[in-house]
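Data first, discussion second: the structure below is written as structure tokens.
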Amino acid sequence: MKTLRRLRPVWWVLGAAAVMGLSASSMAAPAVTSSADAPRGKVHRLTSTQYAAVIADLFGANINIGGRFEPDQRVDGLIAVGSGQVSVSSAGLDQYDSMARSIASQVLAPENRKAVMPCAPASDKSPDDACAAKFLAKTGAALFRRPLTEAELKAQVLAANAAGVTAGDFYAGLALSLSSLMVAPEFLFRVEEVEPDPAVPGGFRLNAMSKAQRLSFFLWNAVPDRELIVAAQKGELNTAKGLAKQVDRMLASPRLEEGVRAFFDDMLRLDGMDSVVKDATIFPKFDAQIATEAREQTLRTIMSVVLAPKGDYRDIFSTKKTFMTPKLASIYKVPFSNDVPIGAPDSWQPYEFAANDPRAGILMQTAFLTMNSHPGRTSATLRGKALREVMMCQIVPPPPANVEFKIVQDTSNPNYKTARARLTAHSQSPACAGCHKIIDPMGLALENFDGGGAYRTNENGAALDTTGELDRVKFTNGAELGKALHDNPAVSNCLVQRLSAYGLGQTPAKEQGEWVARLKESFAKDGHNIPALMRRLATSPEFYRAVGAAENTTSAH
Amino acid sequence: MKAGNFPGKWAALAYAGLGITGLAFTAAPASALESRTYVMWWFAQAAYSQDGDCGPGGINPKMVDQFVPNLKRLGYTGQQIEEIMKSGGRGDDDDGGPGGWETQKLRQIMETRARVEGKPVNAFMHPAAVIDPMLKTVVGKYAYGFNLDGKGADDATAFEDPQTHEKGVDNQLFRALGCVEAYRGTLENDNTYWSFMWMSQKDVTPAWLITLEGEDLSKDGPVTISMTRALEPPRYNGGGDPRADMTFREDSDPRTRGNVFKGQIKNGVVTIAEDSAHLHLMQDQLTYPEFDLGKFHVRWTLNADGSLNGLIGGYQPIDQTYFAIGQSGQVREGTGLAPELPGIYHAMRRMADGEPDPKTGLRLSISATYHLKAVPAFMVPAKEMVEARARAVGGVTPTAGSR
């Protein structure tokens, strides 16, 4: 593959031209009708986790992606929605190109190529168009989430041939074509195409391949598998029975866990753990490994609740059961030992907090507590704001531009020893009082947990008052706050709102309001069971209907 | 697919978790006593080096300056010594490091400067067969430790502890080694040898665990002291400080167990309250493969931050003490970590003060004091690990243990 670098500029320019002309918010789906009233097909840039998942899915988990992704953007609480409003910058394209070339060279390296090649070339040192076509048709269909057109395939085979001749290496030529597929807009962007909806005169719906794509990313956070593509090609996804069959198959698959994890990782903003920094002199136990493990702990906890038989989503706020590692256990100050050979790496095991332990639910886990704190201290405001925004889908306005933070930031003031005392003093300002009245009570209920996630009973020697109220439900500590959230309809309604938006790739539109309202009712009737809700979403014609502009979060429920 | 029909791994794990937790509760000892476990994260010989404590002329010369006297004692002539030293001699390393050991000839002479029946043998394995270079020993007034034999309080040459001001303190290991540069230090600035040894071993040496048990450890009163060894080494935070609140599995090796002593707490200080305590623990191959202290004493402070630190002392077997230092021979002499190893052996022998051999009268052990630091930890006792492993579903009890 020695000449790949020499050949690269031509194809890089072609790819760049294609991708940079495209943004998720502006690209029109190529197959859409020419009617002026027709809605446009949606386009979403693959998120960094989706990109990684797709590569691992197609080529194996041993492929190192490397490089840096374009930053994801969260809109209405979800990267899944924001991915429909971002494009690729020139620097970003360069990164995608670097990653694509690196991935292609790894995939077609001697030690890996057997796993992906459907054929053997006549010679390793010269082009073999027939073999190249087989590989590119198969891999291209998986990357584009649809079969390559004849012209697309022909162009890729031609390119592989030319590069193979120049390099004197079949695989070097093939790698060039593979990398060019991975910087193509059809790979980097999930392009959804619409067609007239026979059930709704004048209406539009996703076409079968786009349905398959939406379904697969929703349920598995992955590209459609062969069975789903075949079902789409046969038109089975356009029948209720055929769609339900595929949905049930996918819900029963172990791959569902990846899809549900991806949703909660997005909804709970757990990607934020990547950038959590703590003052090591104050919280010496917190490090990058803890950040990674804390994120994983919360996701494992949620999975064990929502994917358990008859799992009730709301129990994530009250469960005593979780999963533990030795290092995390030291933050919780609980005994925990792996029964592993001496010197073996730490591993995960199920764990249940004791009945008299103050912790229950994900809000009292390290991830939520540390992510919603400052580097050197807690923040009842950040925690309360996160609960309002993330768990209840409410919008908390930003603080006034001229707000004075001095009192809340000074933890050494002997007159204000606790966060409650500082916030009370701070909220004397009428400009601040309104928001803090809504935000702080829930955050203050978690003051028993410091900014590093450890339990405490006092701050600066002063006892902590963790009482509060949420929608006229009183609580005295974090566990009771969890119970209040568990029982609050806004929390379960928010979940429906977020999961719908996640699947649709946009916040439900105004005309979808009734449908979402019905989903909320069904969610309660189904025992707040997530897979049941996913099934209702995925088997609903509304889920695939092309609609106009989305409502924003607050007005949609 | 029907809602709730997800008989996958999460269902199985949920059941496994329930089984394990249930076991944990039954495994936890029902006791009204307060129990605290600590993991030792720092260990070093307790030194109290002060200016002038080695008398006129200061401390012992560095290894590089011991070559010529050693050669003279071996009977080399002045001319021979000059030739040997000219071919190697003092190198770039002032400690007598690699530069001073450049010639194979000098190295071989130093390695085999012991004589058995007139033949050269390894000096580090046969230190008694090397002529005693009479290293200087500490003549200062102070040393950390304990009056192990109850004698010497009126002896003007006996040590006094700088913290407690107890007189007649027995710490002859400090006296023997305290004028060798690598062994000089204080509790605040541990000496080079022990700092190097601990830093190089701390991540792999199975941790020592200390458990205190009493009615109320915040008050004065009797306490049971247990010391044992874990399967795992201590853990450290990213900044290098010890990681508190980790859980350790007790080693079931019988050689590490049985160290249970009567003690007491007074004003937040833990001491041994029995006269014939004997500590025996396994440590590691490079510091002490086995560690013994007869007439075992402790003086540990229970700190407000939950940590424990202080001293342990007693009589340590001479051979155990020397060979822990001497086993790497040339490496430690060459790097300055233990210059003049046979001299160190002889100094220990001269200063030995414990366990007289009934036949020869030779003292077989030497009083010693060590400094340790520990942070709170959890321990899963070996017995509970075995029981839990036999009964747990899919793993071992995650919550059993003491604190």
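Going by the structure tokens order, chains are called A, B, ..., each with residues numbered from 1, while ligands are numbered from 1 in the order shown.
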So that I can see what lies close to segment 154-167 of chain A, please list as number ranges by chain the residues with an atom at most 6 Å from it, counting only C-alpha atoms and leaving out residues fewer than 6 positions away in the same chain. A: 3, 126-127, 133, 173-174, 177
Write the residues of the selection above to a file with N, CA, C and O atoms, as a PDB file, in the first residue's frame.
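Now in part-v9.pdb:
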ATOM      1  N   THR A   3       1.770   3.262  -2.293  1.00  0.00           N
ATOM      2  CA  THR A   3       1.438   4.426  -3.127  1.00  0.00           C
ATOM      3  C   THR A   3       0.117   5.077  -2.740  1.00  0.00           C
ATOM      4  O   THR A   3      -0.346   5.983  -3.389  1.00  0.00           O
ATOM      5  N   SER A 126      -1.779  -7.381  -8.533  1.00  0.00           N
ATOM      6  CA  SER A 126      -2.426  -6.691  -9.662  1.00  0.00           C
ATOM      7  C   SER A 126      -3.936  -6.654  -9.448  1.00  0.00           C
ATOM      8  O   SER A 126      -4.477  -7.440  -8.649  1.00  0.00           O
ATOM      9  N   PRO A 127      -4.608  -5.759 -10.142  1.00  0.00           N
ATOM     10  CA  PRO A 127      -6.054  -5.613  -9.940  1.00  0.00           C
ATOM     11  C   PRO A 127      -6.811  -6.876 -10.340  1.00  0.00           C
ATOM     12  O   PRO A 127      -6.375  -7.642 -11.195  1.00  0.00           O
ATOM     13  N   ALA A 133     -15.109  -5.967  -7.086  1.00  0.00           N
ATOM     14  CA  ALA A 133     -16.535  -5.641  -7.159  1.00  0.00           C
ATOM     15  C   ALA A 133     -17.313  -6.382  -6.081  1.00  0.00           C
ATOM     16  O   ALA A 133     -18.222  -5.825  -5.459  1.00  0.00           O
ATOM     17  N   GLY A 173      -5.066  -0.948  -3.821  1.00  0.00           N
ATOM     18  CA  GLY A 173      -6.109  -0.347  -4.637  1.00  0.00           C
ATOM     19  C   GLY A 173      -7.468  -0.444  -3.973  1.00  0.00           C
ATOM     20  O   GLY A 173      -8.243   0.519  -3.929  1.00  0.00           O
ATOM     21  N   LEU A 174      -7.723  -1.619  -3.399  1.00  0.00           N
ATOM     22  CA  LEU A 174      -9.007  -1.821  -2.739  1.00  0.00           C
ATOM     23  C   LEU A 174      -9.149  -0.902  -1.522  1.00  0.00           C
ATOM     24  O   LEU A 174     -10.235  -0.370  -1.229  1.00  0.00           O
ATOM     25  N   SER A 177     -10.347   2.535  -2.473  1.00  0.00           N
ATOM     26  CA  SER A 177     -11.786   2.611  -2.701  1.00  0.00           C
ATOM     27  C   SER A 177     -12.563   2.502  -1.393  1.00  0.00           C
ATOM     28  O   SER A 177     -13.561   3.198  -1.195  1.00  0.00           O
TER      29      SER A 177
END
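Using only C-alpha atoms, we find that the part of chain A lying within 6 Å of chain B comprises A:Asp248, A:Lys285, A:Ser304, A:Ala308, A:Pro309, A:Lys310, A:Ser330, A:Lys333, A:Pro335, A:Phe336, A:Ser337, A:Asp339, A:Pro350, A:Ala532.
Coordinates place atom CA of Gly310 of chain B at a distance of 21.5 Å from atom CA of Gly258 of chain B.
Picture a line from atom CA of Pro284 of chain A to atom CA of Ile331 of chain A; it runs 10.1 Å.
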Mind checking DSSP for segment 56-248 of chain B and telling me the strand (DSSP E) residues as a PyMOL selection string? chain B and resi 114-116+119-121+159-160+167-169+208-214+221-229+246-248
Please identify the alpha helix (DSSP H) residues within segment 238-281 of chain A (assignment by DSSP from backbone atoms) and present them as a ChimeraX atom specification. /A:240-252,256-267
What are the nearest atom pairs, with distances in Å to one decimal, for all residues of segment 356-438 of chain A that come at most 10 Å from segment 470-478 of chain A, using only C-alpha atoms, set out by chain and rising residue number as a tab-separated table?
residue	atom	partner	partner_atom	distance
A:Pro358	CA	A:Gly478	CA	7.6
A:Arg359	CA	A:Gly478	CA	7.5
A:Ala360	CA	A:Gly478	CA	7.9
A:Gly361	CA	A:Gly478	CA	9.2
A:Leu363	CA	A:Gly478	CA	8.0
A:Met364	CA	A:Gly478	CA	7.3
A:Ile438	CA	A:Leu470	CA	8.7
Could you save those same residues with C-alpha atoms as a PDB file, in the first residue's frame?
ATOM      1  CA  PRO A 358     -28.039   6.329  51.856  1.00  0.00           C
ATOM      2  CA  ARG A 359     -27.574   5.602  48.163  1.00  0.00           C
ATOM      3  CA  ALA A 360     -30.304   4.504  45.829  1.00  0.00           C
ATOM      4  CA  GLY A 361     -30.738   5.042  42.133  1.00  0.00           C
ATOM      5  CA  LEU A 363     -28.674  10.096  40.950  1.00  0.00           C
ATOM      6  CA  MET A 364     -26.494   9.019  43.847  1.00  0.00           C
ATOM      7  CA  ILE A 438     -37.140  25.791  41.129  1.00  0.00           C
TER       8      ILE A 438
END
Could you tell me how far atom CA of Thr298 of chain A lies from atom CA of Ala380 of chain A, in Å and to one decimal? 20.0 Å
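If only C-alpha atoms are the atoms counted, then among A:Val183, A:Val496, A:Ala291, A:Ile530 the closest residue to Ala517 of chain A is A:Val496.
Residues lying within 10 Å of Asn488 of chain A, counting only C-alpha atoms and ignoring same-chain neighbours fewer than 4 positions away, are A:Arg314, A:Met392, A:Leu470, A:Asp471, A:Val473, A:Gly482, A:Lys483, A:Ala484, A:Ser492, A:Asn493.
Taking only C-alpha atoms into account, Met267 of chain A lies nearest to A:Ser500 out of the set A:Asn415, A:Asn372, A:Ser500, A:Ser210.
Of the residues listed (A:Gln85, A:Gln106, A:Gln506, A:Ser427), A:Gln106 shows the shortest atom-to-atom separation from Tyr171 of chain A; distances use only C-alpha atoms.
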Excluding Leu302 of chain B and its own-chain neighbours fewer than 6 positions away, which residues fall within 8 Å of it when counting only C-alpha atoms? Please give them as a PDB file with C-alpha atoms, in the first residue's frame.
ATOM      1  CA  GLY B 268      -5.577   8.175  70.358  1.00  0.00           C
ATOM      2  CA  VAL B 269      -2.360   6.168  70.459  1.00  0.00           C
ATOM      3  CA  VAL B 270      -2.364   2.396  70.060  1.00  0.00           C
ATOM      4  CA  LEU B 308      -2.948   5.480  60.998  1.00  0.00           C
ATOM      5  CA  ASN B 309       0.780   5.942  61.259  1.00  0.00           C
TER       6      ASN B 309
END
